[in-house]
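Comments concern the structure below.
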Amino acid sequence: MDGLLVDTEDIYTKCNNVILHEYGKPSLPWKIKAQLQGRPGPDAAEIFHAWAQLPVARSAFTTKQAALQAQFFPTTQPLPGVPLLLKTLKNSNTHLALATSSHATNYRLKSTHLPHLFSAFPPSRRVLGDDPRIPKGRGKPAPDIYLLALECINKELRAKGEALIYPEECLVFEDSVPGVEAGRRAGMRVVWCPHPMLLKEYTGREREVLAGVANGTDQEVDDALCEAGLNATGTKGRTNGYHSRMDDGWAEMVTTLEGFDYGRYGIQI
């Protein structure tokens with residue numbers, strides 16, 4: 001969601017910089033920002049505070065941050081091409097699910113004023129960062145959130161007696177590097193649409209990002225689950241696990257979601 005569907009990544013940066021400047025600290029650099037994107041809040045907070053070294057208790061920082069986010073998140077807007085993309089996919093009877101590291105409170109702040117945008121995702125197909133079904137420590141870049149989103153779809157299909165969807169039949173849209181890795185580790189195909197400044201930060205390493213190996217993986221955990229015939233949500237599947245290779249064709253980069261090439265991915269509109 002953040003930085004892919006709506007422009008909240010710049011708002012996150014704005015809120016953090018207000019607090020950093022209050023304590024005489026420099027603005028958040030993209031080298032650090034890139035590590036925060038896509039990760040669950042607690043994980044991102046550890047990285048941020050290790051870098052920022054603010055002379056204030058974390059609880060005080062969190063209170064200031066929450067107040068700023070409550071002010072600015074309701075102003076967020078869809079990124080270019082997103083409304084048409086979601087409308088087109090919905091009208092083509094493509095099964096859609098939302099997988100975001102944002103917790104419920106922030107999700108509401110970002111989405112309540114955009115009902116037509118988020119109506120593309122039925123409530124039963126929205127997986128948020130504080131979903132209790134995601135094991136502790138298994139947020140992005142682990143694959144669990146995407147496998148759970150798929151299971152939300154399959155639960156409905158199973159109840160209707162319809163054919164299930166397998167990971168290799170899924171297309172993940174991501175803007176963050178940990179998110180791309182999560183999609184790859186889930187055994188799914190990925191479209192990476194990064195923020196221009198994130199792309200600049202990873203110039204020359206695009207192939208690593210697309211392969212899902214830019215920041216390392218918990219390969220042993222994923223392999224153990226696959227060997228047991230289970231994915232991270234305990235659901236049997238056909239995927240053989242995450243064994244990514246450079247330039248294997250399972251991930252591509254686009255700089256915008258405008259004019260998306262549906263035919264490239266076998267989506268009939």
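Residue numbers start at 1 in each chain; chains themselves are named A, B, ... in the order of the structure tokens; ligands are numbered from 1 in the order shown.
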Polymer residues at most 9 Å from Pro83 of chain A, only C-alpha atoms, same-chain spacing of 6 or more positions, as a VMD selection string: chain A and resid 5 116 to 117
Contacts of segment 171-186 of chain A within 7 Å, only C-alpha atoms, excl. fewer than 4 positions in-chain, as a list in words: Gly3, Leu4, Gln37, Gly38, Arg39, Lys140, Pro141, Ala142, Pro143, Tyr146, Leu147, Pro167, Val190, Val191, Trp192, Cys193, Pro194, His195, Val209, Leu210, Gly212, Val213, Gly241 and Tyr242 of chain A
Writer output for current selection, N, CA, C and O atoms, as a compact mmCIF listing (two decimals), in the first residue's frame:
```
# COMPACT_ATOMS: atom_id res chain seq x y z
N GLY A 3 3.46 3.88 -0.66
CA GLY A 3 4.45 4.11 -1.71
C GLY A 3 4.18 3.34 -2.99
O GLY A 3 4.90 3.53 -3.97
N LEU A 4 3.14 2.50 -2.98
CA LEU A 4 2.77 1.73 -4.16
C LEU A 4 1.40 2.18 -4.64
O LEU A 4 1.22 2.52 -5.80
N GLN A 37 11.40 0.92 4.58
CA GLN A 37 10.24 0.69 3.72
C GLN A 37 9.80 -0.76 3.71
O GLN A 37 10.61 -1.68 3.59
N GLY A 38 8.49 -0.95 3.83
CA GLY A 38 7.91 -2.28 3.71
C GLY A 38 7.98 -3.12 4.97
O GLY A 38 7.26 -4.11 5.09
N ARG A 39 8.83 -2.75 5.91
CA ARG A 39 9.00 -3.57 7.12
C ARG A 39 7.90 -3.26 8.14
O ARG A 39 7.37 -2.15 8.17
N LYS A 140 7.49 -8.69 6.39
CA LYS A 140 8.39 -8.54 5.25
C LYS A 140 9.80 -8.24 5.77
O LYS A 140 9.94 -7.50 6.73
N PRO A 141 10.82 -8.86 5.21
CA PRO A 141 10.90 -9.56 3.92
C PRO A 141 10.54 -11.05 3.95
O PRO A 141 10.74 -11.75 2.96
N ALA A 142 10.05 -11.57 5.08
CA ALA A 142 9.55 -12.96 5.08
C ALA A 142 8.31 -13.03 4.19
O ALA A 142 7.60 -12.04 4.00
N PRO A 143 8.00 -14.19 3.64
CA PRO A 143 6.91 -14.30 2.67
C PRO A 143 5.52 -14.43 3.28
O PRO A 143 4.52 -14.41 2.56
N TYR A 146 2.25 -12.38 2.20
CA TYR A 146 1.70 -12.64 0.87
C TYR A 146 1.05 -14.01 0.78
O TYR A 146 0.04 -14.20 0.11
N LEU A 147 1.62 -14.97 1.47
CA LEU A 147 1.01 -16.29 1.50
C LEU A 147 -0.33 -16.26 2.25
O LEU A 147 -1.28 -16.94 1.88
N PRO A 167 0.78 -20.06 -5.53
CA PRO A 167 1.70 -18.92 -5.50
C PRO A 167 2.26 -18.54 -6.87
O PRO A 167 2.36 -17.34 -7.19
N VAL A 190 6.77 -10.84 -9.37
CA VAL A 190 6.76 -9.52 -8.74
C VAL A 190 6.95 -8.40 -9.76
O VAL A 190 7.78 -8.52 -10.67
N VAL A 191 6.19 -7.33 -9.57
CA VAL A 191 6.40 -6.08 -10.28
C VAL A 191 6.90 -5.06 -9.27
O VAL A 191 6.23 -4.78 -8.28
N TRP A 192 8.10 -4.54 -9.50
CA TRP A 192 8.71 -3.56 -8.59
C TRP A 192 8.54 -2.17 -9.18
O TRP A 192 9.02 -1.90 -10.28
N CYS A 193 7.85 -1.29 -8.44
CA CYS A 193 7.64 0.09 -8.88
C CYS A 193 8.17 1.00 -7.79
O CYS A 193 7.43 1.47 -6.91
N PRO A 194 9.47 1.29 -7.79
CA PRO A 194 10.10 2.02 -6.69
C PRO A 194 9.94 3.54 -6.77
O PRO A 194 9.75 4.10 -7.84
N HIS A 195 10.04 4.17 -5.61
CA HIS A 195 10.14 5.63 -5.52
C HIS A 195 11.42 6.03 -6.28
O HIS A 195 12.43 5.33 -6.22
N VAL A 209 17.87 -6.65 -6.47
CA VAL A 209 16.56 -6.38 -5.89
C VAL A 209 15.51 -7.29 -6.52
O VAL A 209 14.70 -7.92 -5.82
N LEU A 210 15.51 -7.36 -7.84
CA LEU A 210 14.51 -8.16 -8.54
C LEU A 210 14.64 -9.65 -8.22
O LEU A 210 13.65 -10.38 -8.24
N GLY A 212 15.47 -10.65 -5.34
CA GLY A 212 15.11 -10.81 -3.93
C GLY A 212 16.29 -11.12 -3.04
O GLY A 212 16.12 -11.70 -1.97
N VAL A 213 17.48 -10.72 -3.46
CA VAL A 213 18.68 -11.05 -2.68
C VAL A 213 19.48 -9.81 -2.28
O VAL A 213 20.62 -9.93 -1.83
N GLY A 241 9.24 -23.56 -3.33
CA GLY A 241 10.04 -22.72 -2.44
C GLY A 241 10.79 -21.65 -3.19
O GLY A 241 10.70 -21.50 -4.41
N TYR A 242 11.55 -20.90 -2.45
CA TYR A 242 12.21 -19.73 -2.98
C TYR A 242 13.65 -20.09 -3.35
O TYR A 242 14.50 -20.29 -2.50
```
Contact residues around Lys200 of chain A with only C-alpha atoms at 12 Å, ignoring same-chain residues under 6 positions, as a PyMOL selection string: chain A and resi 30-31+34+194+206+255
Nearest to Thr112 of chain A, chosen from A:Gly161, A:Pro74, A:Gly129, A:Pro26, with only C-alpha atoms counted in the distances: A:Pro74
Alpha helix (DSSP H) residues, from DSSP on the backbone, in segment 64-256 of chain A, as a PyMOL selection string: chain A and resi 64-72+82-91+104-111+115-118+144-160+177-185+196-201+206-211+219-227
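Between atom CA of Arg133 of chain A and atom CA of Ile153 of chain A there is a distance of 14.9 Å.
Residue-level DSSP output for segment 123-237 of chain A, from the backbone, shows strand (DSSP E) at Arg126, Val127, Leu171, Val172, Phe173, Glu174, Arg189, Val190, Val191 and Trp192 of chain A.
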File dump, residues just selected, N, CA and C atoms, as an mmCIF file, in the first residue's frame:
```
data_model
loop_
_atom_site.group_PDB
_atom_site.id
_atom_site.type_symbol
_atom_site.label_atom_id
_atom_site.label_comp_id
_atom_site.auth_asym_id
_atom_site.auth_seq_id
_atom_site.Cartn_x
_atom_site.Cartn_y
_atom_site.Cartn_z
ATOM 1 N N ARG A 126 -7.944 -8.170 3.150
ATOM 2 C CA ARG A 126 -6.988 -7.160 3.584
ATOM 3 C C ARG A 126 -6.164 -7.744 4.729
ATOM 4 N N VAL A 127 -4.874 -7.865 4.516
ATOM 5 C CA VAL A 127 -3.976 -8.392 5.549
ATOM 6 C C VAL A 127 -3.077 -7.238 5.993
ATOM 7 N N LEU A 171 0.620 -12.394 -8.908
ATOM 8 C CA LEU A 171 1.450 -11.258 -9.279
ATOM 9 C C LEU A 171 1.436 -10.266 -8.114
ATOM 10 N N VAL A 172 2.600 -9.987 -7.574
ATOM 11 C CA VAL A 172 2.767 -9.062 -6.460
ATOM 12 C C VAL A 172 3.206 -7.704 -6.999
ATOM 13 N N PHE A 173 2.561 -6.635 -6.531
ATOM 14 C CA PHE A 173 2.993 -5.274 -6.838
ATOM 15 C C PHE A 173 3.675 -4.726 -5.594
ATOM 16 N N GLU A 174 4.898 -4.241 -5.735
ATOM 17 C CA GLU A 174 5.677 -3.758 -4.592
ATOM 18 C C GLU A 174 6.478 -2.520 -4.967
ATOM 19 N N ARG A 189 5.393 -14.053 -8.756
ATOM 20 C CA ARG A 189 6.002 -13.124 -9.684
ATOM 21 C C ARG A 189 5.810 -11.711 -9.143
ATOM 22 N N VAL A 190 6.769 -10.837 -9.375
ATOM 23 C CA VAL A 190 6.759 -9.517 -8.737
ATOM 24 C C VAL A 190 6.955 -8.403 -9.762
ATOM 25 N N VAL A 191 6.185 -7.331 -9.570
ATOM 26 C CA VAL A 191 6.402 -6.077 -10.285
ATOM 27 C C VAL A 191 6.904 -5.063 -9.269
ATOM 28 N N TRP A 192 8.098 -4.540 -9.502
ATOM 29 C CA TRP A 192 8.709 -3.558 -8.592
ATOM 30 C C TRP A 192 8.541 -2.169 -9.184
#
```
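Shortest atom-to-atom contact with Asp130 of chain A among A:Ile145, A:Ala159, A:Met188, A:Ala104: A:Ala104, counting only C-alpha atoms.
With distances restricted to only C-alpha atoms, A:Asn106 is the closest residue to Thr8 of chain A from A:Asn106, A:Phe121, A:Glu201, A:Gly24.
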Near-His95 of chain A list (10 Å; only C-alpha atoms; drop same-chain fewer than 2 positions) as an NGL selection string: :A and (89-90 or 92-93 or 97 or 120-121 or 125 or 150 or 153-154 or 165 or 170)
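Residue nearest Asp261 of chain A within the list A:Ser59, A:Ser27, A:Thr88, A:Thr13: A:Thr88 [criterion: smallest interatomic distance, only C-alpha atoms].
With distances restricted to only C-alpha atoms, A:Thr94 is the closest residue to Tyr262 of chain A from A:Thr94, A:Ser111, A:Ser101, A:Ser244.
Distances here use only C-alpha atoms; by that measure, the residue among A:Lys160, A:Lys14, A:Arg264, A:Lys110 closest to Met1 of chain A is A:Lys110.
Between atom CA of Leu128 of chain A and atom CA of Ala99 of chain A lies a distance of 6.2 Å.
The space between atom CA of Glu9 of chain A and atom CA of Cys152 of chain A spans 26.5 Å.
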